[in-house]
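The file start_6.txt contains compact mmCIF, C-alpha atoms:
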```txt
# COMPACT_ATOMS: atom_id res chain seq x y z
CA MET A 1 28.55 -1.82 39.80
CA ASN A 2 27.96 1.62 38.38
CA VAL A 3 25.88 2.33 35.29
CA MET A 4 24.42 5.45 33.74
CA VAL A 5 20.66 5.48 33.19
CA ASN A 6 19.24 8.40 31.24
CA GLY A 7 22.20 10.50 32.21
CA GLN A 8 22.07 9.67 35.92
CA PRO A 9 24.56 7.43 37.75
CA ARG A 10 23.03 4.35 39.35
CA GLN A 11 24.35 1.40 41.29
CA VAL A 12 23.06 -2.02 40.32
CA ALA A 13 23.96 -5.53 41.36
CA ALA A 14 26.35 -7.51 39.17
CA GLY A 15 24.43 -9.57 36.65
CA THR A 16 21.50 -7.14 36.45
CA THR A 17 19.70 -7.52 33.15
CA LEU A 18 18.29 -4.76 31.02
CA GLN A 19 14.86 -6.25 31.64
CA ALA A 20 15.26 -5.88 35.42
CA LEU A 21 16.62 -2.35 35.14
CA ILE A 22 13.82 -1.15 32.86
CA GLY A 23 11.20 -2.93 34.94
CA ALA A 24 12.42 -1.13 38.06
CA GLN A 25 12.72 2.19 36.26
CA THR A 26 9.48 2.29 34.28
CA GLY A 27 7.32 -0.65 35.12
CA GLY A 28 8.15 -2.06 31.71
CA GLY A 29 4.89 -1.06 30.07
CA ARG A 30 4.35 -0.65 26.36
CA GLY A 31 5.68 2.24 24.35
CA GLY A 32 9.21 2.11 25.68
CA ALA A 33 12.53 1.37 24.03
CA ALA A 34 16.11 1.15 25.20
CA ALA A 35 19.61 1.70 23.91
CA LEU A 36 22.67 0.18 25.53
CA ASP A 37 26.00 1.84 24.81
CA GLY A 38 24.56 3.52 21.75
CA ASP A 39 22.79 0.56 20.20
CA VAL A 40 19.09 -0.21 20.31
CA VAL A 41 18.30 -3.44 22.13
CA PRO A 42 15.05 -5.07 20.97
CA ARG A 43 12.57 -5.76 23.75
CA SER A 44 12.87 -9.48 23.12
CA GLN A 45 16.55 -9.30 24.08
CA TRP A 46 16.12 -7.34 27.32
CA PRO A 47 15.98 -10.46 29.53
CA SER A 48 19.19 -11.88 28.06
CA THR A 49 21.13 -8.61 28.01
CA THR A 50 23.34 -8.22 31.07
CA LEU A 51 24.68 -4.84 32.13
CA ARG A 52 28.38 -4.29 32.67
CA ASP A 53 30.17 -1.84 34.92
CA GLY A 54 30.09 1.49 33.07
CA SER A 55 27.16 0.58 30.83
CA VAL A 56 25.28 3.57 29.45
CA VAL A 57 21.54 2.99 29.14
CA GLU A 58 18.95 5.24 27.55
CA ILE A 59 15.29 4.44 28.14
CA VAL A 60 12.83 6.40 26.04
CA THR A 61 9.11 6.59 25.57
CA ALA A 62 6.62 8.45 23.40
CA VAL A 63 5.66 11.95 24.53
CA GLN A 64 3.70 14.79 23.00
CA GLY A 65 5.53 16.26 20.07
CA GLY A 66 5.64 17.33 16.47
CA MET I 1 -18.80 19.66 3.10
CA ALA I 2 -19.46 17.36 0.17
CA GLU I 3 -16.53 16.12 -1.88
CA ARG I 4 -16.99 14.70 -5.34
CA GLY I 5 -15.56 11.37 -6.35
CA ASP I 6 -12.83 9.25 -4.92
CA ASP I 7 -9.91 11.25 -3.68
CA PRO I 8 -7.98 8.90 -1.44
CA PHE I 9 -4.94 10.11 0.46
CA VAL I 10 -2.39 7.33 0.29
CA ILE I 11 1.08 7.20 1.84
CA ALA I 12 3.20 4.12 1.24
CA GLY I 13 0.11 2.12 0.33
CA VAL I 14 -1.83 3.16 3.43
CA THR I 15 -4.99 5.18 2.92
CA LEU I 16 -5.58 7.89 5.51
CA ALA I 17 -9.09 9.17 6.09
CA SER I 18 -7.98 12.77 6.49
CA ARG I 19 -5.46 15.00 4.76
CA LEU I 20 -4.90 16.87 8.00
CA LEU I 21 -2.12 15.42 10.14
CA LEU I 22 -1.91 16.62 13.70
CA GLY I 23 1.09 17.08 15.94
CA THR I 24 0.47 16.60 19.63
CA GLY I 25 3.20 18.98 20.80
CA GLY I 26 2.16 22.01 22.79
CA ALA I 27 -1.22 20.71 23.93
CA ALA I 28 -1.99 21.77 27.49
CA SER I 29 -3.52 18.44 28.48
CA MET I 30 -4.65 15.04 27.27
CA THR I 31 -8.16 16.43 27.16
CA VAL I 32 -7.04 19.05 24.64
CA ILE I 33 -5.44 16.32 22.53
CA GLU I 34 -8.63 14.29 22.58
CA GLU I 35 -10.78 17.29 21.70
CA THR I 36 -8.54 18.43 18.88
CA ILE I 37 -8.24 14.96 17.36
CA GLU I 38 -12.01 14.71 17.35
CA ALA I 39 -12.57 18.20 15.95
CA SER I 40 -9.84 17.96 13.33
CA GLY I 41 -10.96 14.60 12.01
CA THR I 42 -7.31 13.61 11.71
CA ALA I 43 -6.25 10.02 11.13
CA LEU I 44 -2.59 10.46 12.06
CA CYS I 45 -0.81 12.11 14.98
CA THR I 46 2.88 12.66 15.59
CA VAL I 47 4.70 11.96 18.84
CA SER I 48 8.29 12.48 20.02
CA MET I 49 10.67 10.11 21.74
CA ARG I 50 12.17 11.32 25.01
CA ARG I 51 13.86 9.91 28.08
CA HIS I 52 11.40 8.12 30.27
CA GLY I 53 10.14 10.28 33.08
CA VAL I 54 10.96 13.72 31.63
CA ALA I 55 7.38 14.38 30.58
CA ALA I 56 4.04 13.30 31.92
CA GLU I 57 3.57 10.84 29.08
CA GLY I 58 0.61 9.45 30.98
CA SER I 59 -1.97 8.01 28.70
CA LEU I 60 -0.86 9.60 25.41
CA LEU I 61 -0.62 6.31 23.53
CA ASP I 62 -3.90 5.15 25.06
CA VAL I 63 -5.60 8.36 23.96
CA LEU I 64 -4.28 8.01 20.42
CA ASP I 65 -5.22 4.34 20.27
CA ALA I 66 -8.71 5.03 21.61
CA ARG I 67 -9.23 7.58 18.83
CA GLY I 68 -8.02 5.08 16.25
CA VAL I 69 -5.38 7.38 14.82
CA ARG I 70 -2.15 6.19 13.33
CA ILE I 71 0.96 7.16 15.31
CA LEU I 72 3.90 8.78 13.54
CA PRO I 73 6.99 9.14 15.72
CA ASN I 74 9.35 11.97 14.89
CA THR I 75 13.04 12.56 15.41
CA ALA I 76 12.53 16.09 16.73
CA GLY I 77 15.58 17.62 18.33
CA CYS I 78 18.08 15.49 16.42
CA ARG I 79 21.00 17.36 14.88
CA THR I 80 23.00 14.55 13.32
CA VAL I 81 22.46 11.50 11.17
CA ARG I 82 23.50 9.24 14.02
CA GLU I 83 21.03 10.76 16.48
CA ALA I 84 18.20 10.63 13.95
CA VAL I 85 18.82 7.04 12.92
CA LEU I 86 19.09 5.88 16.51
CA THR I 87 15.95 7.78 17.51
CA ALA I 88 14.06 6.25 14.59
CA GLU I 89 15.25 2.79 15.63
CA LEU I 90 14.10 3.42 19.20
CA ALA I 91 10.72 4.63 17.96
CA ARG I 92 10.29 1.59 15.75
CA GLU I 93 11.02 -0.63 18.71
CA ALA I 94 8.80 1.31 21.12
CA LEU I 95 5.80 1.91 18.89
CA GLU I 96 5.99 -1.03 16.51
CA THR I 97 5.83 1.15 13.43
CA ASN I 98 8.42 1.56 10.70
CA TRP I 99 7.04 4.99 9.78
CA VAL I 100 9.11 7.95 10.89
CA LYS I 101 8.84 11.69 10.51
CA LEU I 102 12.49 12.49 9.95
CA GLU I 103 13.65 15.77 11.45
CA VAL I 104 17.31 16.74 11.47
CA VAL I 105 17.56 20.39 12.36
CA ALA I 106 20.58 22.66 12.18
CA ASP I 107 20.10 24.81 15.27
CA GLU I 108 17.62 25.83 17.94
CA PHE I 109 17.25 29.36 16.61
CA THR I 110 15.81 28.53 13.20
CA LEU I 111 14.91 24.85 13.67
CA LEU I 112 15.52 24.64 9.93
CA PRO I 113 16.42 21.25 8.52
CA ASP I 114 20.11 20.62 7.91
CA PRO I 115 19.88 19.44 4.30
CA ILE I 116 23.16 17.53 4.26
CA GLU I 117 22.38 15.54 7.39
CA LEU I 118 18.74 15.12 6.38
CA LEU I 119 19.46 13.50 3.04
CA ASP I 120 22.09 11.22 4.53
CA ALA I 121 19.75 10.16 7.33
CA ALA I 122 16.90 9.59 4.86
CA GLU I 123 19.07 7.32 2.73
CA GLN I 124 20.18 5.32 5.75
CA LEU I 125 16.67 4.92 7.14
CA VAL I 126 15.22 3.87 3.79
CA GLY I 127 18.01 1.31 3.64
CA ARG I 128 16.98 0.04 7.06
CA GLY I 129 13.41 -0.50 5.95
CA PHE I 130 11.76 2.62 7.28
CA VAL I 131 8.90 4.50 5.66
CA VAL I 132 10.52 7.92 5.77
CA LEU I 133 8.55 11.16 5.81
CA PRO I 134 11.19 13.90 5.92
CA TYR I 135 10.55 17.38 7.27
CA THR I 136 12.44 19.39 4.69
CA ASN I 137 13.23 22.89 3.53
CA ASP I 138 11.05 24.44 0.85
CA ASP I 139 13.77 23.58 -1.66
CA PRO I 140 12.57 21.80 -4.81
CA ILE I 141 15.95 20.24 -5.47
CA LEU I 142 16.29 18.82 -1.99
CA ALA I 143 12.73 17.51 -2.25
CA ARG I 144 13.70 15.83 -5.49
CA ARG I 145 16.75 14.25 -3.91
CA LEU I 146 14.68 12.97 -0.98
CA GLN I 147 12.23 11.37 -3.39
CA GLN I 148 15.09 9.78 -5.28
CA ALA I 149 16.38 8.44 -1.96
CA GLY I 150 13.13 6.53 -1.57
CA CYS I 151 11.20 8.70 0.88
CA ALA I 152 7.48 7.92 1.06
CA ALA I 153 6.52 11.61 1.11
CA VAL I 154 8.20 14.97 1.25
CA MET I 155 7.17 17.47 3.89
CA PRO I 156 8.38 20.98 3.05
CA LEU I 157 8.01 23.72 5.61
CA GLY I 158 5.77 26.70 5.01
CA ALA I 159 7.80 28.66 7.54
CA PRO I 160 9.98 27.72 10.52
CA ILE I 161 8.40 25.54 13.20
CA GLY I 162 6.09 27.40 15.56
CA THR I 163 6.30 30.76 13.77
CA GLY I 164 2.78 30.73 12.33
CA LEU I 165 4.07 32.78 9.38
CA GLY I 166 2.17 30.69 6.86
CA LEU I 167 3.66 29.89 3.44
CA THR I 168 6.60 32.22 3.01
CA ASN I 169 7.55 30.82 -0.39
CA PRO I 170 4.45 29.53 -2.15
CA HIS I 171 6.27 29.47 -5.47
CA ASN I 172 8.72 26.87 -4.19
CA ILE I 173 5.89 24.79 -2.75
CA GLU I 174 4.25 24.82 -6.19
CA LEU I 175 7.52 23.76 -7.77
CA ILE I 176 7.87 20.87 -5.32
CA VAL I 177 4.30 19.78 -6.03
CA SER I 178 4.77 20.06 -9.79
CA GLU I 179 7.35 17.31 -9.97
CA ALA I 180 6.42 15.22 -6.94
CA THR I 181 5.95 11.50 -7.40
CA VAL I 182 5.14 10.99 -3.71
CA PRO I 183 2.68 12.90 -1.50
CA VAL I 184 3.69 16.44 -0.57
CA ILE I 185 2.69 17.42 2.95
CA LEU I 186 3.04 21.03 4.03
CA ASP I 187 4.67 20.77 7.43
CA ALA I 188 5.34 23.64 9.82
CA GLY I 189 4.63 27.34 9.73
CA ILE I 190 0.85 27.17 9.50
CA GLY I 191 -0.71 29.95 11.57
CA THR I 192 -4.37 29.91 10.71
CA ALA I 193 -6.95 28.26 8.48
CA SER I 194 -6.22 30.27 5.34
CA ASP I 195 -2.60 29.06 5.42
CA ALA I 196 -3.75 25.44 5.40
CA ALA I 197 -6.24 26.15 2.63
CA LEU I 198 -3.54 27.85 0.55
CA ALA I 199 -1.22 24.87 0.92
CA MET I 200 -3.93 22.58 -0.39
CA GLU I 201 -4.85 24.99 -3.20
CA LEU I 202 -1.21 24.94 -4.31
CA GLY I 203 -1.51 21.19 -4.70
CA CYS I 204 -0.15 19.80 -1.48
CA ASP I 205 -1.61 16.40 -0.66
CA GLY I 206 -1.86 17.11 3.04
CA VAL I 207 -1.01 19.47 5.87
CA LEU I 208 0.76 18.66 9.12
CA LEU I 209 0.40 21.17 11.92
CA ALA I 210 0.61 21.31 15.69
CA SER I 211 1.18 24.70 17.26
CA ALA I 212 -1.48 26.43 15.18
CA VAL I 213 -4.04 24.25 16.92
CA THR I 214 -2.53 23.34 20.26
CA ARG I 215 -1.46 26.90 21.05
CA ALA I 216 -4.57 28.62 19.70
CA GLN I 217 -6.73 30.33 22.31
CA ASP I 218 -9.43 27.75 21.56
CA PRO I 219 -7.63 24.65 20.25
CA GLN I 220 -10.82 22.70 19.62
CA LEU I 221 -12.34 25.46 17.51
CA MET I 222 -9.11 25.96 15.58
CA ALA I 223 -8.98 22.21 14.92
CA THR I 224 -12.45 22.50 13.43
CA ALA I 225 -11.30 25.44 11.32
CA MET I 226 -8.30 23.46 10.03
CA ARG I 227 -10.48 20.52 9.13
CA HIS I 228 -12.65 22.73 6.95
CA ALA I 229 -9.67 24.60 5.54
CA VAL I 230 -7.99 21.44 4.32
CA LEU I 231 -11.22 20.13 2.81
CA ALA I 232 -11.94 23.50 1.17
CA GLY I 233 -8.42 23.91 -0.17
CA ARG I 234 -8.40 20.40 -1.60
CA ALA I 235 -11.79 20.87 -3.24
CA ALA I 236 -10.69 24.18 -4.73
CA ARG I 237 -7.54 22.59 -6.10
CA ARG I 238 -9.51 19.81 -7.74
CA ALA I 239 -12.18 22.19 -8.99
CA GLY I 240 -9.63 24.28 -10.86
CA ARG I 241 -9.54 27.96 -10.05
CA ILE I 242 -10.15 30.67 -12.63
CA PRO I 243 -7.05 32.33 -14.02
CA LYS I 244 -6.08 35.64 -12.48
CA ARG I 245 -6.70 38.60 -14.82
CA VAL I 246 -5.36 42.12 -14.90
CA HIS I 247 -8.66 43.70 -15.94
CA ALA I 248 -12.24 43.09 -14.95
CA GLN I 249 -14.43 40.61 -16.79
CA ALA I 250 -18.15 41.08 -16.38
CA SER I 251 -20.06 38.13 -15.07
CA SER I 252 -23.39 39.61 -16.22
CA PRO I 253 -24.22 39.52 -19.97
CA VAL I 254 -22.68 42.35 -21.95
CA HIS I 255 -25.21 42.08 -24.80
CA GLY I 256 -28.81 43.18 -24.60
CA MET I 257 -28.34 46.13 -22.34
CA ALA I 258 -31.35 48.44 -22.50
CA VAL I 259 -30.55 51.85 -23.90
CA LEU I 260 -31.63 54.16 -21.12
```

If you took the structure in this file and wrote it as structure tokens, what would it be?
Amino acid sequence: MNVMVNGQPRQVAAGTTLQALIGAQTGGGRGGAAALDGDVVPRSQWPSTTLRDGSVVEIVTAVQGG
Amino acid sequence: MAERGDDPFVIAGVTLASRLLLGTGGAASMTVIEETIEASGTALCTVSMRRHGVAAEGSLLDVLDARGVRILPNTAGCRTVREAVLTAELAREALETNWVKLEVVADEFTLLPDPIELLDAAEQLVGRGFVVLPYTNDDPILARRLQQAGCAAVMPLGAPIGTGLGLTNPHNIELIVSEATVPVILDAGIGTASDAALAMELGCDGVLLASAVTRAQDPQLMATAMRHAVLAGRAARRAGRIPKRVHAQASSPVHGMAVL
């Protein structure tokens, strides 16, 4: 199925969890956070959150700023 | 530089060891960040939240942790309440802190805070349990409203972000200080050490700056300068300056002059 990850289209297998997606994308280290369809998903819920076709995911991390 | 007596800098019940807060934006490398943290003596650094992979985030958090500084995420780049609240929520999740430097700017040209969106966002974030430190205009009434909304500090700009113009409206900064019930932190516009000292002399509780240090020709040396400026300005404020006079007043005795 097709999802959007940080503005880029990606194909993932049905049943892919947020945990798996973020792990593949970032390594899942500390300092990251994710929003699914405009809502923040706490890290503790990543393993139980399943993506749907058309899901929009934003994965952010801390960078230099301010 | 010796300081007399206890003069703790406390935000939301947390004592910070320095009144100089340092932004990490604009630093050419992690080494520069390390050097400027050390030289500035800061106890708090700001960071931004961005899509993973757009910047070489590398070891930023490790560097900040190793230096023992508190991390203050900002909502830089946000234009609306929704963006700012969501960014703050992401930062809280990512960095395990409920502190946020709230920025809601109106446009890229001025980077000035949008006061309507800012106040709304501040109210919502306070309601969600955040310790909100809003980057605000140098408007005493808006500062008052932000305090009333429950913000833990108010952070008026000296001048627009990155301009280095210093304090363009010192009178307003004094007005904000005069009725503040929370710490006032001069945020943005600082160009050089005298600007930071002036902010402290006017009664600000702290100074937050980034570009003035990170984009200086010698960031480490400028960080040292800012450290001294903030200490000097604070000491001068506490010491109580002499009133300004129109005419001269001799400092040597006027009586007992020899008749020559």

*Compute the set of chain I residues within 8 Å of chain A, using only C-alpha atoms, and express it as number ranges by chain.*
I: 23-27, 46-52, 55-57, 60-61, 73-74, 76, 86, 89-91, 93-95, 209-210

*Mind checking which residues fall within 10 Å of A:Gln8, counting all atoms listed in the file, ignoring those fewer than 4 positions away in the same chain, and posting them as a ChimeraX atom specification?*
/A:3-4,56-58

Keeping C-alpha atoms, export the residues of the selection given above as a short mmCIF file (atom, residue, chain, number, x, y, z; two decimals), keeping the file's coordinate frame.
```cif
data_model
loop_
_atom_site.label_atom_id
_atom_site.label_comp_id
_atom_site.auth_asym_id
_atom_site.auth_seq_id
_atom_site.Cartn_x
_atom_site.Cartn_y
_atom_site.Cartn_z
CA VAL A 3 25.88 2.33 35.29
CA MET A 4 24.42 5.45 33.74
CA VAL A 56 25.28 3.57 29.45
CA VAL A 57 21.54 2.99 29.14
CA GLU A 58 18.95 5.24 27.55
#
```

_Need the shell around stretch 28-44 of chain I: protein/DNA/RNA residues with any atom at most 10 Å away, counting all atoms listed in the file. Skip same-chain ones fewer than 6 positions apart. Format as a PyMOL selection string?_
(chain A and resi 64) or (chain I and resi 15-22+56-60+63-64+66-72+208+213-215+218-228+230)

Given the selection you just returned, output its residues as a file containing C-alpha atoms, formatted as a short mmCIF file (atom, residue, chain, number, x, y, z; two decimals), in the frame of the given file.
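File selection_30.cif, as written:
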```cif
data_model
loop_
_atom_site.label_atom_id
_atom_site.label_comp_id
_atom_site.auth_asym_id
_atom_site.auth_seq_id
_atom_site.Cartn_x
_atom_site.Cartn_y
_atom_site.Cartn_z
CA GLN A 64 3.70 14.79 23.00
CA THR I 15 -4.99 5.18 2.92
CA LEU I 16 -5.58 7.89 5.51
CA ALA I 17 -9.09 9.17 6.09
CA SER I 18 -7.98 12.77 6.49
CA ARG I 19 -5.46 15.00 4.76
CA LEU I 20 -4.90 16.87 8.00
CA LEU I 21 -2.12 15.42 10.14
CA LEU I 22 -1.91 16.62 13.70
CA ALA I 56 4.04 13.30 31.92
CA GLU I 57 3.57 10.84 29.08
CA GLY I 58 0.61 9.45 30.98
CA SER I 59 -1.97 8.01 28.70
CA LEU I 60 -0.86 9.60 25.41
CA VAL I 63 -5.60 8.36 23.96
CA LEU I 64 -4.28 8.01 20.42
CA ALA I 66 -8.71 5.03 21.61
CA ARG I 67 -9.23 7.58 18.83
CA GLY I 68 -8.02 5.08 16.25
CA VAL I 69 -5.38 7.38 14.82
CA ARG I 70 -2.15 6.19 13.33
CA ILE I 71 0.96 7.16 15.31
CA LEU I 72 3.90 8.78 13.54
CA LEU I 208 0.76 18.66 9.12
CA VAL I 213 -4.04 24.25 16.92
CA THR I 214 -2.53 23.34 20.26
CA ARG I 215 -1.46 26.90 21.05
CA ASP I 218 -9.43 27.75 21.56
CA PRO I 219 -7.63 24.65 20.25
CA GLN I 220 -10.82 22.70 19.62
CA LEU I 221 -12.34 25.46 17.51
CA MET I 222 -9.11 25.96 15.58
CA ALA I 223 -8.98 22.21 14.92
CA THR I 224 -12.45 22.50 13.43
CA ALA I 225 -11.30 25.44 11.32
CA MET I 226 -8.30 23.46 10.03
CA ARG I 227 -10.48 20.52 9.13
CA HIS I 228 -12.65 22.73 6.95
CA VAL I 230 -7.99 21.44 4.32
#
```

Can you pull out the residues contacting stretch 178-187 of chain I? Cut-off 7 Å, using all atoms listed in the file, and skip same-chain residues under 6 positions away; I want them as an mmCIF file with C-alpha atoms, keeping the file's coordinate frame.
```
data_model
loop_
_atom_site.group_PDB
_atom_site.id
_atom_site.type_symbol
_atom_site.label_atom_id
_atom_site.label_comp_id
_atom_site.auth_asym_id
_atom_site.auth_seq_id
_atom_site.Cartn_x
_atom_site.Cartn_y
_atom_site.Cartn_z
ATOM 1 C CA ILE I 11 1.080 7.200 1.840
ATOM 2 C CA TYR I 135 10.550 17.380 7.270
ATOM 3 C CA ALA I 152 7.480 7.920 1.060
ATOM 4 C CA ALA I 153 6.520 11.610 1.110
ATOM 5 C CA VAL I 154 8.200 14.970 1.250
ATOM 6 C CA MET I 155 7.170 17.470 3.890
ATOM 7 C CA PRO I 156 8.380 20.980 3.050
ATOM 8 C CA LEU I 157 8.010 23.720 5.610
ATOM 9 C CA GLY I 158 5.770 26.700 5.010
ATOM 10 C CA ALA I 199 -1.220 24.870 0.920
ATOM 11 C CA CYS I 204 -0.150 19.800 -1.480
ATOM 12 C CA ASP I 205 -1.610 16.400 -0.660
ATOM 13 C CA GLY I 206 -1.860 17.110 3.040
ATOM 14 C CA VAL I 207 -1.010 19.470 5.870
ATOM 15 C CA LEU I 208 0.760 18.660 9.120
ATOM 16 C CA LEU I 209 0.400 21.170 11.920
#
```

*Which residues, written as a ChimeraX atom specification, have at least one atom at most 10 Å from I:Gly166, with all atoms listed in the file counted and residues fewer than 5 positions away on the same chain left out?*
/I:157-160,188-196,198-199
